[in-house]
>>> print(open('my_file-v8.txt').read())   # compact mmCIF, C-alpha atoms
# COMPACT_ATOMS: atom_id res chain seq x y z
CA MET A 1 156.97 70.02 67.85
CA ARG A 2 155.64 72.91 69.93
CA ASN A 3 152.13 71.99 68.92
CA THR A 4 152.56 68.40 70.01
CA ALA A 5 153.89 69.46 73.35
CA ILE A 6 150.88 71.70 73.95
CA THR A 7 148.45 69.00 72.88
CA LEU A 8 150.18 66.52 75.11
CA ALA A 9 150.07 68.89 78.07
CA ALA A 10 146.38 69.59 77.43
CA PHE A 11 145.70 65.88 77.20
CA LEU A 12 147.48 65.16 80.46
CA LEU A 13 145.62 67.97 82.20
CA ALA A 14 142.27 66.77 80.92
CA ALA A 15 143.04 63.17 81.84
CA GLY A 16 144.23 64.23 85.26
CA ALA A 17 141.08 66.27 85.84
CA ALA A 18 138.82 63.48 84.60
CA HIS A 19 140.54 61.10 86.91
CA ALA A 20 140.17 63.13 90.08
CA GLN A 21 136.75 64.68 89.38
CA THR A 22 134.03 63.86 91.89
CA MET A 23 130.65 63.12 90.31
CA PRO A 24 127.70 65.15 91.67
CA SER A 25 126.18 62.15 93.45
CA ASP A 26 129.50 61.28 95.10
CA VAL A 27 130.13 64.62 96.81
CA VAL A 28 130.59 64.06 100.54
CA PHE A 29 128.97 66.64 102.84
CA GLU A 30 129.77 67.05 106.48
CA ASP A 31 127.58 69.57 108.29
CA GLY A 32 126.89 71.30 104.99
CA ALA A 33 130.59 71.59 104.18
CA VAL A 34 132.54 69.80 101.45
CA ALA A 35 136.16 69.46 102.54
CA GLN A 36 137.55 67.80 99.46
CA SER A 37 138.19 69.63 96.19
CA LEU A 38 135.92 68.34 93.42
CA THR A 39 138.83 68.12 90.98
CA GLY A 40 142.13 68.20 92.83
CA VAL A 41 143.10 71.13 90.60
CA PRO A 42 143.42 74.43 92.51
CA GLY A 43 140.66 76.90 91.66
CA ASP A 44 141.43 79.90 89.46
CA PRO A 45 139.95 83.02 91.12
CA ALA A 46 140.09 85.05 87.90
CA ASN A 47 137.97 82.53 86.07
CA GLY A 48 135.78 82.21 89.16
CA ARG A 49 135.05 85.92 88.97
CA ALA A 50 134.05 85.53 85.32
CA VAL A 51 131.81 82.55 86.10
CA PHE A 52 130.26 84.48 89.01
CA LYS A 53 129.00 87.30 86.79
CA ASN A 54 128.22 85.27 83.65
CA ARG A 55 124.43 85.15 83.33
CA LYS A 56 124.54 81.72 81.72
CA LYS A 57 126.81 80.25 84.42
CA GLY A 58 126.84 81.42 88.05
CA ASN A 59 124.59 84.43 87.47
CA CYS A 60 125.25 85.12 91.14
CA LEU A 61 124.54 88.85 90.66
CA ALA A 62 120.92 87.97 89.96
CA CYS A 63 120.50 87.53 93.71
CA HIS A 64 123.60 88.95 95.43
CA VAL A 65 125.28 92.32 95.79
CA ASN A 66 129.05 92.09 95.38
CA SER A 67 131.08 95.32 95.66
CA ASP A 68 134.04 93.71 93.92
CA LEU A 69 131.89 93.78 90.76
CA ALA A 70 130.61 97.33 91.29
CA ASP A 71 131.26 98.05 87.60
CA GLU A 72 128.50 95.59 86.69
CA GLN A 73 125.04 97.20 86.69
CA PHE A 74 122.13 95.84 88.71
CA HIS A 75 122.94 93.56 91.61
CA GLY A 76 120.04 91.52 92.96
CA GLU A 77 118.83 91.62 96.55
CA ILE A 78 117.31 88.18 97.05
CA GLY A 79 120.30 86.87 99.02
CA PRO A 80 122.76 88.59 101.39
CA PRO A 81 125.62 90.75 100.01
CA LEU A 82 128.73 88.64 99.50
CA ASP A 83 131.22 91.31 100.59
CA GLY A 84 133.62 89.79 103.10
CA VAL A 85 132.12 86.33 102.70
CA ALA A 86 135.57 84.68 103.08
CA GLU A 87 135.63 85.97 106.65
CA ARG A 88 132.31 84.34 107.47
CA TYR A 89 132.90 80.91 105.95
CA THR A 90 135.72 78.43 105.41
CA GLU A 91 136.62 77.17 101.96
CA ALA A 92 134.89 73.85 102.71
CA GLU A 93 131.71 75.63 103.79
CA LEU A 94 131.69 77.80 100.67
CA ARG A 95 132.16 74.70 98.50
CA GLY A 96 129.19 73.12 100.24
CA ILE A 97 127.04 76.23 99.66
CA ILE A 98 127.87 76.33 95.94
CA VAL A 99 127.48 72.57 95.36
CA ASN A 100 124.09 72.44 97.07
CA ALA A 101 122.97 75.37 99.21
CA LYS A 102 119.97 73.36 100.41
CA MET A 103 122.35 71.30 102.55
CA VAL A 104 123.08 74.50 104.51
CA PHE A 105 119.97 76.66 104.12
CA GLU A 106 116.85 74.54 104.17
CA ASP A 107 114.32 75.39 101.43
CA THR A 108 116.54 78.12 100.03
CA ILE A 109 115.85 79.77 96.69
CA MET A 110 119.57 79.52 95.84
CA PRO A 111 120.07 76.88 93.13
CA ALA A 112 122.36 73.90 93.66
CA PHE A 113 125.18 74.44 91.18
CA TYR A 114 126.57 70.90 91.18
CA ARG A 115 123.69 68.52 91.38
CA VAL A 116 121.70 66.43 88.87
CA ASP A 117 119.24 64.26 90.77
CA GLY A 118 116.00 65.11 92.44
CA LEU A 119 115.14 67.70 89.77
CA ASN A 120 111.79 68.02 88.02
CA ARG A 121 111.11 68.68 84.28
CA VAL A 122 114.58 69.95 83.44
CA LEU A 123 114.74 71.45 79.91
CA LYS A 124 116.09 68.85 77.52
CA LYS A 125 119.31 70.64 76.74
CA PHE A 126 120.21 70.81 80.45
CA GLN A 127 119.18 67.28 81.40
CA GLY A 128 121.85 65.34 83.27
CA LYS A 129 124.02 68.45 83.41
CA THR A 130 125.10 70.50 86.38
CA ILE A 131 124.82 74.31 86.23
CA LEU A 132 128.57 74.62 86.78
CA THR A 133 131.30 72.10 85.98
CA ALA A 134 133.35 70.71 88.87
CA GLN A 135 136.25 72.98 87.96
CA GLU A 136 133.99 76.04 87.70
CA VAL A 137 132.77 75.30 91.25
CA GLU A 138 136.40 75.21 92.40
CA ASP A 139 137.11 78.47 90.55
CA VAL A 140 134.10 80.23 92.13
CA VAL A 141 135.14 78.98 95.59
CA ALA A 142 138.66 80.30 94.99
CA TYR A 143 137.19 83.64 93.95
CA LEU A 144 134.90 83.83 97.01
CA MET A 145 137.96 83.18 99.19
CA THR A 146 139.37 86.48 97.87
CA LEU A 147 136.33 88.45 99.17
CA LYS A 148 137.73 89.53 102.50
CA MET B 1 106.09 117.31 91.76
CA ILE B 2 107.53 118.72 94.99
CA ARG B 3 105.56 116.10 96.87
CA LYS B 4 107.11 113.39 94.72
CA ALA B 5 110.65 114.65 95.17
CA LEU B 6 110.13 114.82 98.91
CA HIS B 7 108.80 111.31 99.04
CA ALA B 8 111.74 110.06 97.03
CA ALA B 9 114.17 111.65 99.42
CA VAL B 10 112.35 110.29 102.45
CA SER B 11 112.13 106.76 101.16
CA LEU B 12 115.78 106.76 100.12
CA VAL B 13 116.81 107.85 103.59
CA LEU B 14 114.53 105.31 105.25
CA SER B 15 115.61 102.30 103.26
CA GLY B 16 119.19 103.38 102.84
CA ALA B 17 119.16 101.71 99.45
CA LEU B 18 117.36 101.89 96.17
CA ALA B 19 113.73 102.20 97.23
CA LEU B 20 110.72 100.42 95.81
CA PRO B 21 108.87 102.49 93.24
CA LEU B 22 107.12 105.19 95.23
CA THR B 23 103.76 103.63 94.73
CA ALA B 24 104.75 100.33 96.31
CA GLU B 25 106.06 102.08 99.40
CA GLU B 26 103.34 104.66 99.72
CA HIS B 27 100.24 102.72 100.43
CA ILE B 28 98.55 103.34 97.14
CA SER B 29 95.65 100.97 96.76
CA GLU B 30 93.72 102.54 93.92
CA ILE B 31 94.61 104.16 90.61
CA LEU B 32 92.42 105.85 88.02
CA ILE B 33 92.59 105.00 84.35
CA ASN B 34 91.54 107.74 81.92
CA GLU B 35 90.74 109.71 85.07
CA GLU B 36 87.53 107.74 85.43
CA ILE B 37 87.99 103.98 85.85
CA PRO B 38 89.05 103.12 89.40
CA ILE B 39 91.40 100.13 89.64
CA THR B 40 92.15 98.39 92.92
CA VAL B 41 95.87 97.61 92.83
CA ARG B 42 96.28 96.51 96.45
CA THR B 43 93.88 94.81 98.83
CA GLU B 44 93.60 92.16 101.53
CA ALA B 45 94.57 88.67 100.38
CA PRO B 46 91.81 86.07 100.11
CA PRO B 47 91.88 83.73 103.15
CA TYR B 48 93.10 80.73 101.11
CA VAL B 49 96.31 82.53 100.09
CA GLU B 50 98.28 81.55 103.18
CA GLY B 51 101.57 83.11 102.13
CA LEU B 52 100.33 86.69 101.60
CA ASP B 53 98.62 89.33 103.73
CA GLU B 54 98.11 91.73 100.87
CA ILE B 55 97.69 91.13 97.19
CA MET B 56 99.28 93.65 94.86
CA SER B 57 98.96 94.27 91.16
CA GLY B 58 102.12 93.97 89.06
CA TRP B 59 101.54 97.64 88.19
CA LEU B 60 102.83 98.69 91.63
CA PHE B 61 106.24 97.14 90.97
CA ARG B 62 106.99 98.77 87.65
CA SER B 63 108.93 101.99 87.05
CA GLU B 64 107.07 105.27 87.07
CA GLU B 65 107.48 105.55 83.30
CA THR B 66 105.92 102.13 82.71
CA GLN B 67 103.17 102.83 85.23
CA ALA B 68 102.26 106.07 83.48
CA LEU B 69 101.68 104.29 80.15
CA GLN B 70 98.77 102.38 81.63
CA LEU B 71 96.98 105.37 83.10
CA ASP B 72 95.68 106.70 79.80
CA ASP B 73 94.48 104.68 76.84
CA PHE B 74 96.08 107.18 74.45
CA ASP B 75 99.49 106.32 75.93
CA ASN B 76 98.83 102.60 76.36
CA PRO B 77 100.47 100.78 73.43
CA SER B 78 98.01 97.88 73.84
CA PHE B 79 95.38 99.90 72.07
CA VAL B 80 96.99 99.43 68.68
CA PHE B 81 96.14 95.75 69.20
CA VAL B 82 92.72 96.39 70.69
CA ASP B 83 91.92 98.27 67.45
CA GLN B 84 93.08 95.25 65.45
CA GLY B 85 90.91 93.13 67.72
CA MET B 86 87.93 95.30 66.81
CA ASP B 87 88.63 94.80 63.09
CA LEU B 88 88.83 91.05 63.62
CA PHE B 89 85.64 91.11 65.65
CA ASN B 90 83.83 92.67 62.70
CA LYS B 91 85.42 90.46 60.05
CA VAL B 92 83.34 87.77 58.34
CA GLU B 93 85.14 84.44 58.44
CA GLY B 94 84.34 80.76 58.10
CA THR B 95 81.73 78.64 56.34
CA ALA B 96 78.78 80.21 58.20
CA GLY B 97 79.65 83.60 56.67
CA LYS B 98 79.47 85.39 60.01
CA SER B 99 81.57 87.80 62.02
CA CYS B 100 81.71 87.80 65.81
CA ALA B 101 79.73 91.03 65.73
CA ALA B 102 76.92 89.34 63.80
CA CYS B 103 75.94 87.52 66.98
CA HIS B 104 77.54 89.74 69.62
CA GLN B 105 76.21 93.17 68.67
CA ASP B 106 76.90 94.73 72.04
CA LEU B 107 80.44 94.28 73.37
CA GLY B 108 79.17 95.53 76.72
CA GLU B 109 77.50 92.15 77.19
CA PHE B 110 80.94 90.75 77.90
CA ALA B 111 81.26 92.91 81.05
CA GLY B 112 82.18 90.65 83.96
CA LEU B 113 83.32 87.74 81.83
CA ARG B 114 87.09 88.27 82.23
CA ALA B 115 86.65 88.70 85.99
CA SER B 116 85.18 85.20 86.32
CA LEU B 117 87.59 83.23 84.11
CA PRO B 118 88.82 80.55 84.08
CA ARG B 119 85.65 78.75 85.17
CA VAL B 120 84.72 75.09 85.37
CA GLU B 121 81.81 73.79 83.30
CA ASP B 122 80.73 70.17 83.03
CA GLY B 123 83.95 69.02 84.63
CA LYS B 124 86.11 71.02 82.23
CA ILE B 125 88.15 74.10 82.85
CA VAL B 126 87.32 76.91 80.42
CA THR B 127 89.47 79.92 79.57
CA MET B 128 88.77 82.97 77.41
CA GLU B 129 90.73 81.35 74.59
CA ASP B 130 88.51 78.27 74.78
CA LEU B 131 85.35 80.39 74.54
CA ILE B 132 86.61 82.38 71.57
CA ASN B 133 87.74 79.29 69.69
CA GLU B 134 84.49 77.50 70.47
CA CYS B 135 82.64 80.26 68.63
CA ARG B 136 85.10 80.24 65.75
CA VAL B 137 84.95 76.49 65.24
CA GLU B 138 81.37 75.61 66.17
CA ARG B 139 79.45 78.76 65.34
CA MET B 140 81.44 80.28 62.46
CA GLY B 141 82.97 77.23 60.79
CA ALA B 142 86.38 78.94 60.97
CA GLU B 143 89.84 77.72 61.99
CA PRO B 144 90.67 78.09 65.68
CA TRP B 145 93.26 80.73 66.56
CA LYS B 146 96.54 79.77 68.21
CA TRP B 147 96.36 80.81 71.85
CA THR B 148 99.42 83.01 71.66
CA SER B 149 98.64 84.50 68.22
CA THR B 150 98.15 88.23 67.79
CA GLN B 151 94.57 87.61 66.64
CA MET B 152 93.78 85.75 69.86
CA THR B 153 95.49 88.19 72.24
CA SER B 154 93.94 91.18 70.44
CA VAL B 155 90.36 89.90 70.55
CA ASN B 156 90.94 88.61 74.08
CA ALA B 157 92.06 92.11 75.11
CA LEU B 158 89.00 93.69 73.46
CA ILE B 159 86.65 91.37 75.36
CA SER B 160 88.63 91.47 78.62
CA MET B 161 88.64 95.26 78.81
CA GLN B 162 84.84 95.23 78.99
CA SER B 163 85.47 94.09 82.60
CA ARG B 164 88.11 96.72 83.35
CA GLY B 165 87.74 97.96 86.92
CA MET B 166 85.57 95.04 88.01
CA PRO B 167 86.89 92.86 90.84
CA VAL B 168 88.45 89.53 89.84
CA ASN B 169 86.15 86.91 91.26
CA VAL B 170 86.88 83.39 90.06
CA LYS B 171 85.19 80.45 91.73
CA VAL B 172 87.43 78.24 93.81
CA ASP B 173 84.87 75.88 95.30
CA GLY B 174 82.36 73.35 94.01
CA GLU B 175 83.28 71.92 90.64
CA ALA B 176 86.35 74.19 90.48
CA ARG B 177 87.94 72.76 93.62
CA PRO B 178 89.96 69.87 92.18
CA PHE B 179 91.36 72.11 89.42
CA TRP B 180 92.22 74.79 91.94
CA GLU B 181 94.01 72.22 94.14
CA LYS B 182 95.99 71.02 91.12
CA GLY B 183 96.98 74.60 90.25
CA LYS B 184 98.03 75.25 93.82
CA GLU B 185 100.20 72.17 93.83
CA LEU B 186 101.93 73.32 90.63
CA TYR B 187 102.46 76.79 92.09
CA TYR B 188 104.46 75.36 94.98
CA THR B 189 106.35 72.68 93.02
CA ARG B 190 109.99 73.28 92.18
CA PHE B 191 110.88 72.81 88.53
CA GLY B 192 113.90 72.92 86.27
CA GLN B 193 117.64 72.88 86.62
CA LEU B 194 117.38 75.91 88.93
CA ASP B 195 114.87 73.96 91.04
CA LEU B 196 112.50 76.84 91.74
CA ALA B 197 108.77 77.13 92.33
CA CYS B 198 106.64 80.09 91.27
CA ALA B 199 106.26 80.77 95.01
CA ASN B 200 110.01 81.11 95.59
CA CYS B 201 110.07 84.24 93.45
CA HIS B 202 106.52 85.61 93.49
CA GLU B 203 105.41 84.82 97.05
CA ASN B 204 108.63 84.84 99.08
CA ASN B 205 110.55 87.54 97.24
CA TYR B 206 108.15 90.02 95.70
CA GLY B 207 109.48 93.56 96.04
CA ASN B 208 113.09 92.38 95.78
CA MET B 209 115.30 93.01 92.77
CA ILE B 210 116.35 89.96 90.82
CA ARG B 211 119.17 91.49 88.83
CA ALA B 212 117.52 94.39 86.95
CA ASP B 213 113.92 93.26 87.50
CA ARG B 214 111.70 94.08 90.45
CA LEU B 215 109.84 90.89 91.40
CA SER B 216 106.06 91.25 91.61
CA GLN B 217 103.54 88.80 93.01
CA GLY B 218 103.03 87.39 89.50
CA GLN B 219 99.37 88.44 89.49
CA ILE B 220 97.40 87.88 86.27
CA ASN B 221 94.64 90.49 86.58
CA GLY B 222 96.32 92.54 83.83
CA PHE B 223 96.36 89.95 81.05
CA PRO B 224 96.60 90.15 78.11
CA THR B 225 99.56 92.36 78.90
CA TYR B 226 101.56 94.61 76.61
CA ARG B 227 105.25 94.14 77.32
CA LEU B 228 107.79 96.79 76.39
CA LYS B 229 110.29 93.96 76.04
CA ASN B 230 108.60 92.35 73.03
CA ALA B 231 106.30 95.21 71.97
CA LYS B 232 103.17 93.08 71.75
CA LEU B 233 100.27 91.77 73.76
CA ASN B 234 101.19 88.65 75.72
CA ALA B 235 98.92 85.76 76.59
CA VAL B 236 98.98 84.78 80.24
CA GLN B 237 100.12 81.24 79.55
CA ALA B 238 102.94 82.52 77.34
CA ARG B 239 104.18 84.29 80.47
CA PHE B 240 104.01 81.03 82.46
CA LYS B 241 106.04 79.40 79.72
CA GLY B 242 108.63 82.18 79.84
CA CYS B 243 109.05 81.90 83.60
CA MET B 244 109.46 78.12 83.37
CA LYS B 245 112.08 78.42 80.64
CA ASN B 246 113.99 80.97 82.70
CA ILE B 247 114.41 78.39 85.45
CA ARG B 248 115.49 75.91 82.77
CA ALA B 249 112.34 73.83 83.12
CA GLU B 250 110.46 72.08 80.30
CA PRO B 251 107.31 74.22 80.20
CA PHE B 252 103.86 72.67 80.02
CA LYS B 253 102.10 73.26 76.71
CA VAL B 254 100.05 76.41 76.29
CA GLY B 255 96.43 75.22 76.62
CA SER B 256 97.42 72.13 78.65
CA GLU B 257 95.40 71.00 81.66
CA GLU B 258 98.37 71.93 83.85
CA PHE B 259 98.58 75.53 82.64
CA LYS B 260 94.80 75.93 82.79
CA ALA B 261 94.79 74.77 86.41
CA LEU B 262 97.69 77.10 87.17
CA GLU B 263 95.80 79.97 85.51
CA LEU B 264 92.73 79.28 87.63
CA TYR B 265 94.80 79.15 90.80
CA LEU B 266 96.72 82.34 89.96
CA ALA B 267 93.52 84.16 89.05
CA SER B 268 92.11 83.19 92.46
CA ARG B 269 95.16 84.66 94.19
CA GLY B 270 94.07 87.95 92.66
CA ASN B 271 90.41 87.76 93.71
CA GLY B 272 89.67 91.30 94.88
CA LEU B 273 92.10 93.13 92.59
CA SER B 274 90.52 94.81 89.57
CA VAL B 275 90.67 93.53 86.03
CA GLU B 276 93.35 95.73 84.47
CA ALA B 277 93.47 94.32 80.96
CA PRO B 278 95.10 95.46 78.78
CA SER B 279 97.94 96.32 81.17
CA VAL B 280 101.49 97.50 80.47
CA ARG B 281 104.59 95.84 81.89
CA ASN B 282 108.28 95.82 81.02
>>> encode(input="my_file-v8.txt", output="structure tokens")
Amino acid sequence: MRNTAITLAAFLLAAGAAHAQTMPSDVVFEDGAVAQSLTGVPGDPANGRAVFKNRKKGNCLACHVNSDLADEQFHGEIGPPLDGVAERYTEAELRGIIVNAKMVFEDTIMPAFYRVDGLNRVLKKFQGKTILTAQEVEDVVAYLMTLK
Amino acid sequence: MIRKALHAAVSLVLSGALALPLTAEEHISEILINEEIPITVRTEAPPYVEGLDEIMSGWLFRSEETQALQLDDFDNPSFVFVDQGMDLFNKVEGTAGKSCAACHQDLGEFAGLRASLPRVEDGKIVTMEDLINECRVERMGAEPWKWTSTQMTSVNALISMQSRGMPVNVKVDGEARPFWEKGKELYYTRFGQLDLACANCHENNYGNMIRADRLSQGQINGFPTYRLKNAKLNAVQARFKGCMKNIRAEPFKVGSEEFKALELYLASRGNGLSVEAPSVRN
């Protein structure tokens, strides 16, 4: 009984997410910002923090200093420190930067985390896949909004 | 010692952050190997390298501990492999019943060869690996070595070090031009899921930390290179492959026309640095 309820809830959640999820090619930018959530499900800042430091996901520390993760060794210095970033950008602007930073910073080294076209010789196992899922983008944005 | 400590303090104060290794900040342009072989590790960039004023050996960007390993052949772990290379050079193999040494009695005759490779001959681009395998197949009647095999990197290192200290000087004009242009195009092309070009990291961001690694200019004057990470000599094109995989790109094949062109172009970006092979990196 309990099991069924959980499965049902999980199913509804998944279906709901699948329904609302914006595909990478359908993301609407306005002046580099993306106003609409990619999933309609509020981002989870705790998971966003995990995605941020995970080398196989955001790997944001490769290029950015972030004092909130001072316990992690070795922060990169390719991009600006992200301390207080929520005070410099709105949620929509941050979503735009994560989805495709090239829409904001021309020719940037920062990868587009939610994009599949216009790429060249992508390794087979990553073909047709975005670096982050739509929900992970939302989670990272929610986490960045806590960096005040 | 005191001088070093002082410098460290000064550079920390100046930059307010973790400083570059001392040698990258101090304008060191020459080092001595075995206290006798001068190596140019920093010099003016060739005019065709538009994105750089100075070219710098990867040595400058490594930690002091790693740097020290390359300064004396007794400390340089590459020499275990160079010794193996010497054994292979003297080993009889193939249907002709010959060793390399049977025809190449004086290793010193290879002086200058590494500094000029890759080169273009009869419309084909030729690397050290091509030359070695040509002798194995056509002159010894032996099997070719895999480009990234220990045999190949060891013998390559043995031959390359005959040019140690000589300035890299690959040809970029004449017959080489179209290959050079192709290599240049590849260098500036973005690849992979991370959508990055070699230039994004090695031209625009050298000196910066990318996580725990200090980005260098990606120079190839030190190859074959001993890496502490995998404790062996590494072929230059194996390194290209590694960098492409890290950006989640399908690498070109080792020995492909693309990687050969890229090797020629990269070598030319180091024209003026010294051949450092066999170098030590992390």
>>> closest_atom_pairs(input="my_file-v8.txt", of="chain B", to="chain A", cutoff="10 Å", atoms="only C-alpha atoms", output="Markdown table")
| residue | atom | partner | partner_atom | distance |
| --- | --- | --- | --- | --- |
| B:Thr189 | CA | A:Asn120 | CA | 8.7 |
| B:Arg190 | CA | A:Asn120 | CA | 6.9 |
| B:Phe191 | CA | A:Asn120 | CA | 4.9 |
| B:Gly192 | CA | A:Val122 | CA | 4.2 |
| B:Gln193 | CA | A:Val122 | CA | 5.3 |
| B:Leu194 | CA | A:Pro111 | CA | 5.1 |
| B:Asp195 | CA | A:Pro111 | CA | 6.3 |
| B:Leu196 | CA | A:Ile109 | CA | 6.7 |
| B:Ala197 | CA | A:Ile109 | CA | 8.7 |
| B:Ala199 | CA | A:Ile109 | CA | 9.8 |
| B:Asn200 | CA | A:Ile109 | CA | 6.1 |
| B:Cys201 | CA | A:Ile109 | CA | 8.0 |
| B:Asn204 | CA | A:Ile109 | CA | 9.1 |
| B:Asn205 | CA | A:Ile78 | CA | 6.8 |
| B:Tyr206 | CA | A:Ile78 | CA | 9.4 |
| B:Gly207 | CA | A:Ile78 | CA | 9.6 |
| B:Asn208 | CA | A:Glu77 | CA | 5.8 |
| B:Met209 | CA | A:Gly76 | CA | 5.0 |
| B:Ile210 | CA | A:Gly76 | CA | 4.5 |
| B:Arg211 | CA | A:Ala62 | CA | 4.1 |
| B:Ala212 | CA | A:Phe74 | CA | 5.1 |
| B:Asp213 | CA | A:Gly76 | CA | 8.4 |
| B:Arg214 | CA | A:Gly76 | CA | 9.1 |
| B:Leu215 | CA | A:Ile78 | CA | 9.8 |
| B:Met244 | CA | A:Leu123 | CA | 9.2 |
| B:Lys245 | CA | A:Leu123 | CA | 7.5 |
| B:Asn246 | CA | A:Leu123 | CA | 9.9 |
| B:Ile247 | CA | A:Val122 | CA | 8.7 |
| B:Arg248 | CA | A:Leu123 | CA | 5.4 |
| B:Ala249 | CA | A:Val122 | CA | 4.5 |
| B:Glu250 | CA | A:Leu123 | CA | 4.3 |
| B:Pro251 | CA | A:Arg121 | CA | 7.9 |
| B:Phe252 | CA | A:Arg121 | CA | 9.3 |
>>> closest_residue(input="my_file-v8.txt", among="A:Gln135, A:Ser37, A:Asn47, A:Asn66", to="Ala92 of chain A", atoms="all atoms listed in the file")
A:Ser37
>>> atom_distance(input="my_file-v8.txt", atom1="atom CA of Ile220 of chain B", atom2="atom CA of Cys198 of chain B")
13.1 Å
>>> closest_residue(input="my_file-v8.txt", among="B:Pro118, B:Gly108, B:Gly97, B:Gly255", to="Gln162 of chain B", atoms="only C-alpha atoms")
B:Gly108
>>> residues_around(input="my_file-v8.txt", residues="Glu175 of chain B", least_positions_apart="2", cutoff="10 Å", atoms="only C-alpha atoms", output="list in words")
Arg119, Val120, Glu121, Asp122, Gly123, Lys124, Ile125, Lys171, Val172, Asp173, Arg177, Pro178, Phe179 and Trp180 of chain B
>>> atom_distance(input="my_file-v8.txt", atom1="atom CA of Glu136 of chain A", atom2="atom CA of Asp31 of chain A")
22.5 Å
>>> atom_distance(input="my_file-v8.txt", atom1="atom CA of Ile132 of chain B", atom2="atom CA of Val80 of chain B")
20.2 Å
>>> closest_residue(input="my_file-v8.txt", among="B:Ala261, B:Gly141, B:Leu228, B:Asp106", to="Val92 of chain B", atoms="only C-alpha atoms")
B:Gly141
>>> residues_near_point(input="my_file-v8.txt", point="(97.6, 107.1, 83.6)", cutoff="12 Å", atoms="only C-alpha atoms", output="VMD selection string")
chain B and resid 30 to 39 59 64 to 76 279 to 280
>>> closest_residue(input="my_file-v8.txt", among="A:Asp71, A:Gly43, A:Tyr114, A:Met103", to="Val141 of chain A", atoms="all atoms listed in the file")
A:Gly43
>>> residues_near_point(input="my_file-v8.txt", point="(88.6, 97.1, 71.2)", cutoff="9 Å", atoms="all atoms listed in the file", output="PyMOL selection string")
chain B and resi 79+81-87+89+107+154-155+157-159+161-162
>>> closest_residue(input="my_file-v8.txt", among="B:Arg164, B:Leu113, B:Phe240, B:Ser63", to="Val126 of chain B", atoms="all atoms listed in the file")
B:Leu113
>>> residues_around(input="my_file-v8.txt", residues="Pro46 of chain B", least_positions_apart="6", cutoff="12 Å", atoms="only C-alpha atoms", output="count of residues only")
18
>>> closest_residue(input="my_file-v8.txt", among="B:Tyr226, B:Thr127, B:Ala142, B:Arg114", to="Ala96 of chain B", atoms="all atoms listed in the file")
B:Ala142
>>> residues_around(input="my_file-v8.txt", residues="Val27 of chain A", least_positions_apart="4", cutoff="12 Å", atoms="all atoms listed in the file", output="ChimeraX atom specification")
/A:21-23,32-39,92,95-96,98-100,103,114-116,134
